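Asker: Okay, so here is target_33.csv, and as you'll see once you scroll down, it has CSV, C-alpha atoms and all ligand atoms.
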```csv
chain,number,residue,atom,x,y,z
M,1,MET,CA,6.9,-5.8,-8.2
M,2,ASP,CA,9.7,-7.4,-10.2
M,3,ILE,CA,7.5,-7.5,-13.3
M,4,VAL,CA,7.0,-3.7,-13.0
M,5,LEU,CA,10.6,-3.1,-12.2
M,6,GLU,CA,11.8,-5.3,-15.1
M,7,VAL,CA,9.7,-3.3,-17.6
M,8,CYS,CA,10.8,0.1,-16.1
M,9,ASP,CA,14.5,-1.0,-16.0
M,10,THR,CA,14.4,-2.2,-19.6
M,11,TYR,CA,12.8,0.9,-21.1
M,12,LEU,CA,13.9,3.7,-18.6
M,13,PHE,CA,16.2,3.0,-15.7
M,14,ASP,CA,18.9,0.8,-17.3
M,15,LYS,CA,19.9,3.7,-19.6
M,16,PHE,CA,19.5,6.2,-16.8
M,17,TYR,CA,21.8,4.3,-14.3
M,18,ALA,CA,24.3,3.5,-17.1
M,19,THR,CA,24.6,7.2,-18.0
M,20,VAL,CA,24.6,8.6,-14.4
M,21,LEU,CA,26.6,5.8,-12.8
M,22,PRO,CA,28.5,3.9,-15.5
M,23,LYS,CA,30.4,0.7,-14.7
M,24,ASN,CA,33.8,2.3,-15.1
M,25,GLY,CA,32.9,5.8,-14.2
M,26,VAL,CA,34.4,8.1,-11.6
M,27,VAL,CA,32.0,7.1,-8.8
M,28,ALA,CA,32.5,3.4,-9.5
M,29,GLN,CA,36.3,3.8,-9.3
M,30,LYS,CA,36.1,5.9,-6.1
M,31,TRP,CA,33.7,3.4,-4.5
M,32,SER,CA,35.9,0.4,-5.3
M,33,GLN,CA,38.9,2.2,-3.7
M,34,LEU,CA,36.8,3.0,-0.7
M,35,THR,CA,35.3,-0.5,-0.1
M,36,TYR,CA,37.3,-3.1,-1.9
M,37,GLY,CA,35.1,-6.0,-2.8
M,38,SER,CA,31.9,-4.4,-1.5
M,39,VAL,CA,28.6,-5.7,-2.6
M,40,LEU,CA,27.9,-2.3,-4.2
M,41,SER,CA,30.6,-2.8,-6.8
M,42,HIS,CA,29.4,-6.3,-7.6
M,43,ASN,CA,28.1,-6.4,-11.1
M,44,SER,CA,28.0,-9.4,-13.3
M,45,THR,CA,26.0,-10.1,-16.4
M,46,ILE,CA,22.6,-11.3,-15.8
M,47,ALA,CA,23.3,-14.6,-17.6
M,48,ALA,CA,26.3,-15.3,-15.5
M,49,ALA,CA,24.5,-14.3,-12.3
M,50,ALA,CA,21.7,-16.6,-13.3
M,51,THR,CA,24.1,-19.5,-13.4
M,52,ALA,CA,25.6,-18.5,-10.1
M,53,ALA,CA,22.2,-18.1,-8.4
M,54,GLY,CA,21.5,-21.7,-9.1
M,55,GLY,CA,24.5,-23.1,-7.3
M,56,VAL,CA,26.0,-20.9,-4.8
M,57,ASP,CA,26.0,-20.9,-1.0
M,58,GLY,CA,23.0,-20.1,1.2
M,59,ASP,CA,23.5,-16.4,1.5
M,60,SER,CA,24.0,-15.8,-2.2
M,61,GLY,CA,23.0,-12.3,-3.2
M,62,PHE,CA,22.4,-11.3,0.4
M,63,LEU,CA,23.4,-7.8,1.6
M,64,PHE,CA,26.4,-8.8,3.7
M,65,ARG,CA,27.9,-11.6,1.6
M,66,SER,CA,30.8,-9.8,0.0
M,67,SER,CA,31.2,-6.8,2.2
M,68,GLY,CA,34.7,-5.8,3.1
M,69,TRP,CA,33.8,-5.9,6.8
M,70,SER,CA,32.6,-8.8,8.9
M,71,LEU,CA,29.6,-9.0,11.3
M,72,PRO,CA,29.6,-10.4,14.8
M,73,LEU,CA,29.0,-14.2,14.8
M,74,PRO,CA,25.5,-14.2,16.3
M,75,VAL,CA,24.4,-11.6,13.7
M,76,GLN,CA,26.1,-13.7,10.9
M,77,ILE,CA,24.0,-16.7,12.1
M,78,VAL,CA,20.8,-14.8,12.0
M,79,VAL,CA,21.7,-13.3,8.6
M,80,ASN,CA,22.4,-16.8,7.3
M,81,LEU,CA,19.2,-18.2,8.7
M,82,ILE,CA,17.2,-15.4,7.0
M,83,GLY,CA,19.2,-16.0,3.8
M,84,LYS,CA,18.0,-19.6,3.8
M,85,LEU,CA,14.4,-18.3,3.5
M,86,GLN,CA,15.4,-16.7,0.2
M,87,ARG,CA,14.1,-18.2,-3.0
M,88,LYS,CA,17.2,-18.4,-5.2
M,89,ASP,CA,15.2,-18.5,-8.4
M,90,GLU,CA,13.4,-15.3,-7.6
M,91,ILE,CA,16.1,-12.8,-7.0
M,92,TYR,CA,15.5,-9.9,-9.3
M,93,GLY,CA,18.3,-9.1,-11.6
M,94,LYS,CA,20.1,-12.4,-10.8
M,95,VAL,CA,17.9,-14.7,-12.8
M,96,PRO,CA,16.9,-14.5,-16.4
M,97,THR,CA,14.2,-11.9,-17.1
M,98,GLN,CA,10.7,-13.2,-17.6
M,99,ILE,CA,8.8,-10.6,-19.5
M,100,VAL,CA,11.1,-8.6,-21.8
M,101,ALA,CA,14.7,-9.2,-23.0
M,102,PRO,CA,17.2,-7.0,-21.1
M,103,SER,CA,18.2,-3.8,-22.7
M,104,ILE,CA,21.7,-3.2,-24.0
M,105,TRP,CA,22.2,-1.0,-20.9
M,106,ALA,CA,21.2,-3.7,-18.5
M,107,THR,CA,24.7,-4.4,-17.2
M,108,GLU,CA,26.4,-1.0,-18.0
M,109,SER,CA,26.0,0.6,-14.6
M,110,PHE,CA,28.0,-0.1,-11.5
M,111,LEU,CA,24.7,-0.4,-9.7
M,112,ALA,CA,23.5,-3.8,-10.9
M,113,ARG,CA,19.7,-4.4,-11.3
M,114,SER,CA,19.8,-6.5,-8.2
M,115,ASN,CA,21.5,-3.9,-6.1
M,116,LEU,CA,19.5,-3.0,-3.0
M,117,LEU,CA,20.0,0.8,-3.3
M,118,ARG,CA,19.1,0.8,-6.9
M,119,GLU,CA,16.0,-1.4,-6.3
M,120,ALA,CA,14.9,0.8,-3.4
M,121,LEU,CA,15.4,4.0,-5.3
M,122,SER,CA,13.7,2.8,-8.5
M,123,ILE,CA,10.7,1.3,-6.6
M,124,PHE,CA,10.3,4.5,-4.6
M,125,VAL,CA,10.1,6.6,-7.8
M,126,ILE,CA,7.8,4.1,-9.6
M,127,THR,CA,5.4,3.5,-6.7
M,128,THR,CA,5.2,7.2,-5.7
M,129,ILE,CA,4.3,8.3,-9.3
M,130,PHE,CA,2.0,5.3,-9.8
M,131,GLY,CA,0.4,6.0,-6.4
M,132,TRP,CA,-0.3,9.6,-7.2
M,133,LEU,CA,-1.7,8.7,-10.7
M,134,LEU,CA,-3.9,6.0,-9.3
M,135,TYR,CA,-5.2,8.2,-6.5
M,136,PHE,CA,-6.0,11.2,-8.8
M,137,LEU,CA,-7.4,9.0,-11.6
M,138,VAL,CA,-9.7,6.8,-9.5
M,139,ALA,CA,-10.8,9.5,-7.1
M,140,GLY,CA,-11.2,11.9,-10.0
M,141,LEU,CA,-13.4,9.5,-12.0
M,142,SER,CA,-15.4,8.7,-8.9
M,143,TYR,CA,-15.8,12.4,-8.2
M,144,MET,CA,-17.1,13.1,-11.7
M,145,TYR,CA,-19.3,10.0,-12.2
M,146,VAL,CA,-20.3,8.4,-8.8
M,147,PHE,CA,-19.8,10.9,-5.9
M,148,ASP,CA,-23.0,12.3,-4.4
M,149,ARG,CA,-22.4,16.0,-4.3
M,150,ARG,CA,-25.2,16.8,-1.9
M,151,ILE,CA,-22.7,16.2,0.8
M,152,PHE,CA,-21.2,19.6,0.1
M,153,ASN,CA,-24.2,21.0,2.0
M,154,HIS,CA,-23.8,18.7,5.0
M,155,PRO,CA,-23.3,20.8,8.1
M,156,ARG,CA,-20.2,18.8,9.0
M,157,TYR,CA,-18.5,19.3,5.6
M,158,LEU,CA,-15.3,21.2,6.3
M,159,LYS,CA,-14.3,24.6,4.8
M,160,ASN,CA,-12.0,23.8,1.8
M,161,GLN,CA,-12.3,20.1,2.7
M,162,MET,CA,-11.5,18.6,-0.7
M,163,ARG,CA,-8.4,20.7,-1.0
M,164,LEU,CA,-7.3,19.6,2.5
M,165,GLU,CA,-8.0,15.9,1.6
M,166,ILE,CA,-5.9,16.2,-1.5
M,167,ILE,CA,-3.0,17.9,0.3
M,168,GLN,CA,-3.0,15.3,3.0
M,169,ALA,CA,-3.1,12.4,0.5
M,170,ALA,CA,-0.6,13.8,-1.9
M,171,THR,CA,2.0,14.5,0.8
M,172,SER,CA,1.4,11.2,2.6
M,173,ILE,CA,1.7,9.0,-0.5
M,174,PRO,CA,5.6,9.4,-0.9
M,175,ILE,CA,6.1,8.7,2.8
M,176,MET,CA,3.8,5.7,2.8
M,177,VAL,CA,5.8,4.4,-0.2
M,178,LEU,CA,9.1,5.0,1.6
M,179,LEU,CA,7.9,3.1,4.6
M,180,THR,CA,6.6,0.2,2.4
M,181,ASN,CA,9.9,0.1,0.4
M,182,PRO,CA,11.5,-2.6,2.7
M,183,PHE,CA,8.6,-5.0,1.7
M,184,PHE,CA,9.2,-4.4,-2.0
M,185,VAL,CA,12.9,-4.9,-1.6
M,186,LEU,CA,12.4,-8.1,0.3
M,187,GLU,CA,10.2,-9.3,-2.5
M,188,LEU,CA,12.7,-8.4,-5.2
M,189,GLN,CA,15.4,-10.1,-3.2
M,190,GLY,CA,13.5,-13.4,-3.4
M,191,PHE,CA,11.9,-13.5,0.1
M,192,SER,CA,8.3,-13.6,-0.9
M,193,LYS,CA,6.1,-16.5,-2.1
M,194,LEU,CA,5.1,-14.7,-5.2
M,195,TYR,CA,5.3,-16.8,-8.3
M,196,PHE,CA,4.9,-16.4,-12.0
M,197,PRO,CA,4.3,-19.7,-14.0
M,198,ILE,CA,0.8,-21.2,-13.9
M,199,ASP,CA,1.2,-24.9,-14.0
M,200,ASP,CA,0.9,-28.1,-11.8
M,201,SER,CA,3.9,-27.2,-9.8
M,202,THR,CA,2.4,-23.9,-8.7
M,203,GLY,CA,-1.2,-25.1,-8.2
M,204,GLY,CA,-2.5,-24.1,-11.6
M,205,TRP,CA,-5.6,-21.9,-12.0
M,206,ASN,CA,-7.2,-23.5,-8.9
M,207,ARG,CA,-4.7,-21.8,-6.6
M,208,ILE,CA,-5.2,-18.5,-8.5
M,209,TRP,CA,-9.0,-18.5,-7.9
M,210,TRP,CA,-8.6,-19.6,-4.2
M,211,SER,CA,-6.0,-17.0,-3.5
M,212,ILE,CA,-8.5,-14.2,-4.2
M,213,PRO,CA,-10.9,-14.9,-1.3
M,214,ALA,CA,-7.9,-15.9,0.9
M,215,PHE,CA,-6.2,-12.6,0.3
M,216,ILE,CA,-9.4,-10.7,1.0
M,217,LEU,CA,-10.2,-12.5,4.2
M,218,PHE,CA,-6.6,-12.3,5.5
M,219,THR,CA,-6.3,-8.6,4.8
M,220,ASP,CA,-9.9,-7.9,6.1
M,221,CYS,CA,-9.0,-9.6,9.4
M,222,GLY,CA,-5.6,-7.8,9.7
M,223,ILE,CA,-7.0,-4.4,8.9
M,224,TYR,CA,-9.8,-4.8,11.4
M,225,PHE,CA,-7.4,-5.4,14.3
M,226,ILE,CA,-5.0,-2.7,13.1
M,227,HIS,CA,-7.9,-0.2,12.7
M,228,ARG,CA,-9.2,-1.0,16.2
M,229,TRP,CA,-5.7,-0.4,17.6
M,230,LEU,CA,-5.6,2.9,15.7
M,231,HIS,CA,-8.7,3.9,17.7
M,232,TRP,CA,-6.9,3.3,21.0
M,233,PRO,CA,-7.1,6.9,22.4
M,234,SER,CA,-3.4,7.8,22.5
M,235,VAL,CA,-2.8,6.1,19.1
M,236,TYR,CA,-5.9,7.8,17.6
M,237,LYS,CA,-4.6,11.2,18.7
M,238,ALA,CA,-1.2,10.6,17.3
M,239,LEU,CA,-1.9,8.7,14.1
M,240,HIS,CA,-5.5,8.2,13.1
M,241,LYS,CA,-7.2,11.5,13.8
M,242,PRO,CA,-6.1,13.1,10.5
M,243,HIS,CA,-8.3,10.5,8.6
M,244,HIS,CA,-11.2,11.3,10.9
M,245,LYS,CA,-10.9,15.0,10.3
M,246,TRP,CA,-13.4,14.1,7.5
M,247,ILE,CA,-16.8,13.6,9.2
M,248,VAL,CA,-18.4,13.2,5.8
M,249,CYS,CA,-16.1,12.3,2.9
M,250,THR,CA,-15.4,12.9,-0.8
M,251,PRO,CA,-13.5,10.3,-2.8
M,252,PHE,CA,-10.3,12.3,-2.2
M,253,ALA,CA,-10.5,11.4,1.5
M,254,SER,CA,-9.7,7.7,0.5
M,255,HIS,CA,-5.9,8.1,0.8
M,256,ALA,CA,-5.9,11.2,3.1
M,257,PHE,CA,-4.2,9.6,6.1
M,258,HIS,CA,-1.3,10.3,8.4
M,259,PRO,CA,1.4,8.4,6.4
M,260,VAL,CA,2.2,6.0,9.3
M,261,ASP,CA,-1.6,5.3,9.7
M,262,GLY,CA,-1.9,4.5,5.9
M,263,TRP,CA,1.2,2.3,6.1
M,264,CYS,CA,-0.1,0.4,9.2
M,265,GLN,CA,-3.4,-0.3,7.4
M,266,SER,CA,-1.5,-1.5,4.3
M,267,LEU,CA,0.7,-4.0,6.3
M,268,PRO,CA,-1.6,-7.0,5.7
M,269,TYR,CA,-1.4,-6.5,2.0
M,270,HIS,CA,2.4,-6.8,2.1
M,271,ILE,CA,2.6,-9.5,4.8
M,272,TYR,CA,0.3,-11.9,2.8
M,273,PRO,CA,2.7,-12.6,-0.1
M,274,LEU,CA,5.6,-13.2,2.5
M,275,LEU,CA,3.5,-16.0,4.0
M,276,PHE,CA,1.3,-17.4,1.2
M,277,PRO,CA,1.8,-18.2,-2.5
M,278,LEU,CA,0.3,-15.5,-4.7
M,279,HIS,CA,0.6,-15.0,-8.5
M,280,LYS,CA,2.6,-11.9,-9.4
M,281,VAL,CA,0.0,-10.5,-11.8
M,282,LEU,CA,-2.8,-11.3,-9.5
M,283,TYR,CA,-0.9,-9.4,-6.7
M,284,LEU,CA,-0.8,-6.3,-9.0
M,285,ALA,CA,-4.5,-6.7,-9.8
M,286,LEU,CA,-5.4,-7.0,-6.1
M,287,PHE,CA,-3.3,-3.9,-5.4
M,288,LEU,CA,-5.4,-2.0,-8.0
M,289,PHE,CA,-8.6,-3.5,-6.6
M,290,VAL,CA,-7.7,-2.5,-3.0
M,291,ASN,CA,-7.0,1.1,-4.1
M,292,CYS,CA,-10.3,1.3,-6.1
M,293,TRP,CA,-12.2,-0.2,-3.1
M,294,THR,CA,-10.7,2.4,-0.7
M,295,VAL,CA,-11.9,5.2,-3.0
M,296,MET,CA,-15.3,3.6,-3.4
M,297,ILE,CA,-16.1,3.3,0.3
M,298,HIS,CA,-15.5,7.1,0.6
M,299,ASP,CA,-17.6,8.2,-2.4
M,300,GLY,CA,-20.9,8.7,-0.6
M,301,ASN,CA,-22.8,6.6,-3.1
M,302,TYR,CA,-24.8,4.0,-1.2
M,303,MET,CA,-25.5,1.4,-3.8
M,304,SER,CA,-25.4,-1.6,-1.5
M,305,ASN,CA,-26.9,-2.3,2.0
M,306,ASP,CA,-25.5,-5.9,1.9
M,307,PRO,CA,-25.3,-7.4,5.4
M,308,VAL,CA,-21.9,-9.0,4.6
M,309,VAL,CA,-20.1,-6.4,2.5
M,310,ASN,CA,-18.5,-3.5,4.3
M,311,GLY,CA,-19.6,-1.0,1.6
M,312,THR,CA,-19.7,2.8,1.4
M,313,ALA,CA,-22.6,3.1,3.8
M,314,CYS,CA,-20.8,1.1,6.5
M,315,HIS,CA,-17.6,3.2,6.1
M,316,THR,CA,-19.8,6.4,6.2
M,317,VAL,CA,-21.1,5.2,9.5
M,318,HIS,CA,-17.5,4.8,10.7
M,319,HIS,CA,-16.6,8.4,9.7
M,320,LEU,CA,-19.9,9.7,11.3
M,321,TYR,CA,-19.9,7.7,14.5
M,322,PHE,CA,-16.2,6.7,14.9
M,323,ASN,CA,-16.6,3.6,17.0
M,324,TYR,CA,-18.3,1.3,14.5
M,325,ASN,CA,-17.5,-0.6,11.3
M,326,TYR,CA,-13.7,-0.9,11.4
M,327,GLY,CA,-13.6,-3.5,8.7
M,328,GLN,CA,-12.4,-3.0,5.1
M,329,PHE,CA,-14.2,-5.5,2.9
M,330,THR,CA,-16.7,-7.4,5.0
M,331,THR,CA,-18.7,-6.9,8.2
M,332,LEU,CA,-17.4,-10.3,9.6
M,333,TRP,CA,-14.9,-9.1,12.2
M,334,ASP,CA,-17.2,-6.2,13.3
M,335,ARG,CA,-19.9,-8.7,14.0
M,336,ILE,CA,-17.5,-10.9,15.9
M,337,GLY,CA,-16.0,-8.0,17.7
M,338,GLY,CA,-19.3,-6.4,18.6
M,339,SER,CA,-18.6,-3.2,16.6
M,340,TYR,CA,-21.0,-3.6,13.7
M,341,ARG,CA,-23.6,-0.9,13.3
M,342,ARG,CA,-26.2,-1.2,10.6
M,343,PRO,CA,-26.2,1.8,8.3
M,344,ASP,CA,-29.1,4.2,8.9
M,345,ASP,CA,-32.0,3.6,6.5
M,346,SER,CA,-31.9,7.4,5.8
M,347,LEU,CA,-28.6,6.9,3.9
M,348,PHE,CA,-30.4,5.0,1.2
M,349,LEU,CA,-33.2,7.4,0.6
M,350,LYS,CA,-33.1,8.6,-3.1
M,351,ASP,CA,-34.4,11.9,-4.4
M,352,THR,CA,-34.8,13.6,-1.0
M,353,GLN,CA,-35.8,17.2,-0.8
M,354,LYS,CA,-33.5,19.8,0.7
M,355,GLU,CA,-35.6,20.1,3.9
M,356,GLN,CA,-35.5,16.3,4.4
M,357,ASP,CA,-31.8,16.2,3.9
M,358,LYS,CA,-31.4,18.9,6.5
M,359,LYS,CA,-33.5,17.0,9.0
M,360,ILE,CA,-31.5,13.8,8.5
M,361,TRP,CA,-28.2,15.6,8.8
M,362,LYS,CA,-29.3,17.3,12.0
M,363,GLU,CA,-30.0,14.0,13.6
M,364,GLN,CA,-26.6,12.7,12.4
M,365,VAL,CA,-24.8,15.7,13.9
M,366,VAL,CA,-26.5,15.3,17.3
M,367,GLN,CA,-25.4,11.6,17.5
M,368,MET,CA,-22.0,12.3,16.1
M,369,GLU,CA,-21.2,15.2,18.5
M,370,GLU,CA,-21.9,13.0,21.5
M,371,ILE,CA,-19.5,10.3,20.3
M,372,ARG,CA,-16.9,12.8,19.1
M,373,ASN,CA,-16.9,14.6,22.5
M,374,GLU,CA,-16.2,11.3,24.2
M,375,LEU,CA,-13.4,10.4,21.8
M,376,GLU,CA,-11.7,13.7,21.1
M,377,GLY,CA,-12.8,15.9,24.0
M,378,LYS,CA,-15.0,19.0,24.0
M,379,VAL,CA,-12.8,21.1,21.8
M,380,ASP,CA,-13.2,20.5,18.0
M,381,ASP,CA,-10.5,22.1,15.9
M,382,ARG,CA,-12.3,21.4,12.6
M,383,VAL,CA,-13.7,24.4,10.7
M,384,TYR,CA,-17.0,23.5,9.2
M,385,ILE,CA,-18.5,25.1,6.1
M,386,GLU,CA,-21.6,26.2,7.9
M,387,GLU,CA,-19.4,28.4,10.2
M,388,GLU,CA,-18.1,30.5,7.3
W,401,ZN,ZN,-11.1,4.9,12.0
W,402,ZN,ZN,-12.1,6.3,5.8
```
Just give me the structure of the file as structure tokens.
Ligand SMILES: [Zn+2]
Ligand SMILES: [Zn+2]

Answerer:
Amino acid sequence: MDIVLEVCDTYLFDKFYATVLPKNGVVAQKWSQLTYGSVLSHNSTIAAAATAAGGVDGDSGFLFRSSGWSLPLPVQIVVNLIGKLQRKDEIYGKVPTQIVAPSIWATESFLARSNLLREALSIFVITTIFGWLLYFLVAGLSYMYVFDRRIFNHPRYLKNQMRLEIIQAATSIPIMVLLTNPFFVLELQGFSKLYFPIDDSTGGWNRIWWSIPAFILFTDCGIYFIHRWLHWPSVYKALHKPHHKWIVCTPFASHAFHPVDGWCQSLPYHIYPLLFPLHKVLYLALFLFVNCWTVMIHDGNYMSNDPVVNGTACHTVHHLYFNYNYGQFTTLWDRIGGSYRRPDDSLFLKDTQKEQDKKIWKEQVVQMEEIRNELEGKVDDRVYIEEE
């Protein structure tokens, strides 16, 4: 995320913060009177900070280092221990920039680039806008070119469903981003194993290629168990039901979650780089891939009936019959956990006639209602299009 922030700071935010919160402005002066020596007023040039970052004590750059108040001893010990996990050469804003030269505004605000508040705020704005753009772009393209629109006639398609999906996703994305912000800030403060140079010291291209399946397998496993927990009756009711409102989906259902549900399911993506080395550009590419995959498994276009890949048909089965195919990328954990259900052959029939579709859907509804009754109870608060 530091690559993204560096580019945005250079071309957008440096000037914005320097104008709104200048180094010697009213807010800066008021703040320094209020909290003498606080970390918030700490601002040095990037070059000077880079030198400092190389040779200062263990908690350099950490939140509580230069605060005017002191913490209880046990908390200080824990803070110092955590500080030791920090990679001193990876603290955003305190080491020389890697992609573009800093702008003339880079050190003109009293909120330094490495300031936690500034990082959190900038990342929130960037990720929310990027999240919305990515969602509408990928789901929109899928809707136009891939999505099978016969689903509009399915008896379990909801009244105004696509509109409801879009409202749910668009309102959840900023909250999901807010909840994810601590991970991004941790990463920017040098607590992840993300790296940039590709050479012998970082494992070269070999590590890059290996980290792709490793990331997929790690997150596939994590999501499986989180998704199963989300189907625990009380958790399902509180968090996961909004995503199962859609018995059949459009691509816009991809991000239509309760925000805490979406955040829970994204946890493995953010935990991976805290534990394992991952190239920064690859991380961004995988972030894109994950979002495209999420749209793809909701688009109703059943291209693959692969026994290993958890494709669109598998996820359609999950939305239709709830208790099967919890996986994200592969069927591995569903097979181990006994929750795999082979997609119905009828999903792969091409060029079916209207009457044939109706017959297939009727069979799906009978099976679906039985499972839905068990999971959600007899009362179904969905309003289906056929009831109009
Ligand atoms: Zn589910
Ligand atoms: Zn889904």

Asker: Please work out which residues fall within 12 Å of (1.5, 12.4, -6.5), coordinates as given in the file, with all atoms listed in the file counting, and return them as a list of chain:residue names.

Answerer: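 Residues with an atom close enough to that point: M:Phe124, M:Val125, M:Ile126, M:Thr127, M:Thr128, M:Ile129, M:Phe130, M:Gly131, M:Trp132, M:Leu133, M:Leu134, M:Tyr135, M:Phe136, M:Leu137, M:Ile166, M:Ile167, M:Gln168, M:Ala169, M:Ala170, M:Thr171, M:Ser172, M:Ile173, M:Pro174, M:Ile175, M:Met176, M:Val177, M:His255.
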
Asker: Take the residues from that selection and put them in a file with C-alpha atoms, as a tab-separated table (two decimals), in the frame of the given file.

Answerer:
```
chain	number	residue	atom	x	y	z
M	124	PHE	CA	10.30	4.50	-4.60
M	125	VAL	CA	10.10	6.60	-7.80
M	126	ILE	CA	7.80	4.10	-9.60
M	127	THR	CA	5.40	3.50	-6.70
M	128	THR	CA	5.20	7.20	-5.70
M	129	ILE	CA	4.30	8.30	-9.30
M	130	PHE	CA	2.00	5.30	-9.80
M	131	GLY	CA	0.40	6.00	-6.40
M	132	TRP	CA	-0.30	9.60	-7.20
M	133	LEU	CA	-1.70	8.70	-10.70
M	134	LEU	CA	-3.90	6.00	-9.30
M	135	TYR	CA	-5.20	8.20	-6.50
M	136	PHE	CA	-6.00	11.20	-8.80
M	137	LEU	CA	-7.40	9.00	-11.60
M	166	ILE	CA	-5.90	16.20	-1.50
M	167	ILE	CA	-3.00	17.90	0.30
M	168	GLN	CA	-3.00	15.30	3.00
M	169	ALA	CA	-3.10	12.40	0.50
M	170	ALA	CA	-0.60	13.80	-1.90
M	171	THR	CA	2.00	14.50	0.80
M	172	SER	CA	1.40	11.20	2.60
M	173	ILE	CA	1.70	9.00	-0.50
M	174	PRO	CA	5.60	9.40	-0.90
M	175	ILE	CA	6.10	8.70	2.80
M	176	MET	CA	3.80	5.70	2.80
M	177	VAL	CA	5.80	4.40	-0.20
M	255	HIS	CA	-5.90	8.10	0.80
```

Asker: Using all atoms listed in the file, which residues have at least one atom no more than 9 Å from ligand ZN 402 (chain W)? Output them as a compact mmCIF listing (two decimals) with C-alpha atoms, in the coordinates of the input.

Answerer:
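Below is the file result-v1.txt, written as the result:
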```
# COMPACT_ATOMS: atom_id res chain seq x y z
CA HIS M 243 -8.30 10.50 8.60
CA HIS M 244 -11.20 11.30 10.90
CA TRP M 246 -13.40 14.10 7.50
CA CYS M 249 -16.10 12.30 2.90
CA ALA M 253 -10.50 11.40 1.50
CA SER M 254 -9.70 7.70 0.50
CA HIS M 255 -5.90 8.10 0.80
CA ALA M 256 -5.90 11.20 3.10
CA PHE M 257 -4.20 9.60 6.10
CA THR M 294 -10.70 2.40 -0.70
CA VAL M 295 -11.90 5.20 -3.00
CA ILE M 297 -16.10 3.30 0.30
CA HIS M 298 -15.50 7.10 0.60
CA HIS M 315 -17.60 3.20 6.10
CA THR M 316 -19.80 6.40 6.20
CA HIS M 318 -17.50 4.80 10.70
CA HIS M 319 -16.60 8.40 9.70
```

Asker: Quick one: distance from atom CA of M:Val365 to atom CA of M:Ser304 in Å, one decimal?

Answerer: 23.2 Å

Asker: List all protein, DNA and RNA residues that have an atom no more than 12 Å from any atom of ligand ZN 401 (chain W), counting all atoms listed in the file, and report them as a ChimeraX atom specification.

Answerer: /M:223-233,235-237,239-247,254,257-258,261-262,265,314-328,339,375

Asker: What's the 8 Å shell around M:Gly300, counting all atoms listed in the file, without same-chain residues fewer than 5 positions away, as JSON, numbers by chain?

Answerer: {"M": [147, 148, 151, 249, 250, 251, 312, 313, 316]}

Asker: Which residue out of M:Leu111, M:Thr331, M:Leu141, M:Pro102 has the minimum interatomic distance to M:Tyr11 when all atoms listed in the file are used?

Answerer: M:Pro102

Asker: Could you please determine the separation between atom CA of M:Lys193 and atom CA of M:Arg118 in Å, to one decimal place?

Answerer: 22.2 Å

Asker: So, with only C-alpha atoms as the atoms that count, which of M:Pro96, M:Gly311, M:Gly203, M:Gly25 lies closest to M:Pro277?

Answerer: M:Gly203

Asker: Quote the spacing between atom CA of M:Asp357 and atom CA of M:Asn160 in Å to one decimal place.

Answerer: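 These two atoms are separated by 21.3 Å.
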
Asker: Name the closest residue to M:Gly204 among the candidates M:His279, M:Tyr143, M:Asn115, M:Leu158; distances are taken between atoms, counting only C-alpha atoms.

Answerer: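 Of M:His279, M:Tyr143, M:Asn115, M:Leu158, the one nearest M:Gly204 is M:His279, counting only C-alpha atoms.
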
Asker: May I ask which of the residues M:Phe348, M:Tyr340, M:Trp263, M:Phe191 is the closest one to M:Leu275, counting only C-alpha atoms?

Answerer: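 Result for the nearest residue to M:Leu275: M:Phe191.
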
Asker: Which residue gives the smallest distance to M:Glu119 among M:Asp344, M:Lys23, M:Leu164, M:Pro182, with all atoms listed in the file counted?

Answerer: M:Pro182

Asker: May I have the residues within 8 Å of M:Gln86 as a ChimeraX atom specification, using only C-alpha atoms and disregarding those fewer than 3 positions away in the same chain?

Answerer: /M:82-83,189-192

Asker: Would you output that residue set with C-alpha atoms, as a PDB file, in the coordinates of the input?

Answerer:
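Okay, result_5.pdb is ready:
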```
ATOM      1  CA  ILE M  82      17.200 -15.400   7.000  1.00  0.00           C
ATOM      2  CA  GLY M  83      19.200 -16.000   3.800  1.00  0.00           C
ATOM      3  CA  GLN M 189      15.400 -10.100  -3.200  1.00  0.00           C
ATOM      4  CA  GLY M 190      13.500 -13.400  -3.400  1.00  0.00           C
ATOM      5  CA  PHE M 191      11.900 -13.500   0.100  1.00  0.00           C
ATOM      6  CA  SER M 192       8.300 -13.600  -0.900  1.00  0.00           C
TER       7      SER M 192
END
```

Asker: From the options M:Leu121, M:Met162, M:Ala112, M:Leu347, which residue's atoms come nearest to M:Ile385, counting only C-alpha atoms?

Answerer: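 Among M:Leu121, M:Met162, M:Ala112, M:Leu347, it is M:Met162 that comes nearest to M:Ile385.
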
Asker: Place a sphere of radius 8 Å on (-4.9, -8.1, 6.9) in the file coordinates and name every protein, DNA or RNA residue with an atom inside or on its surface, counting all atoms listed in the file; give the answer as a list of chain:residue names.

Answerer: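 Protein and nucleic acid residues near the point are M:Ile216, M:Leu217, M:Phe218, M:Thr219, M:Asp220, M:Cys221, M:Gly222, M:Ile223, M:Tyr224, M:Gln265, M:Ser266, M:Leu267, M:Pro268, M:Tyr269, M:Ile271, M:Tyr272.
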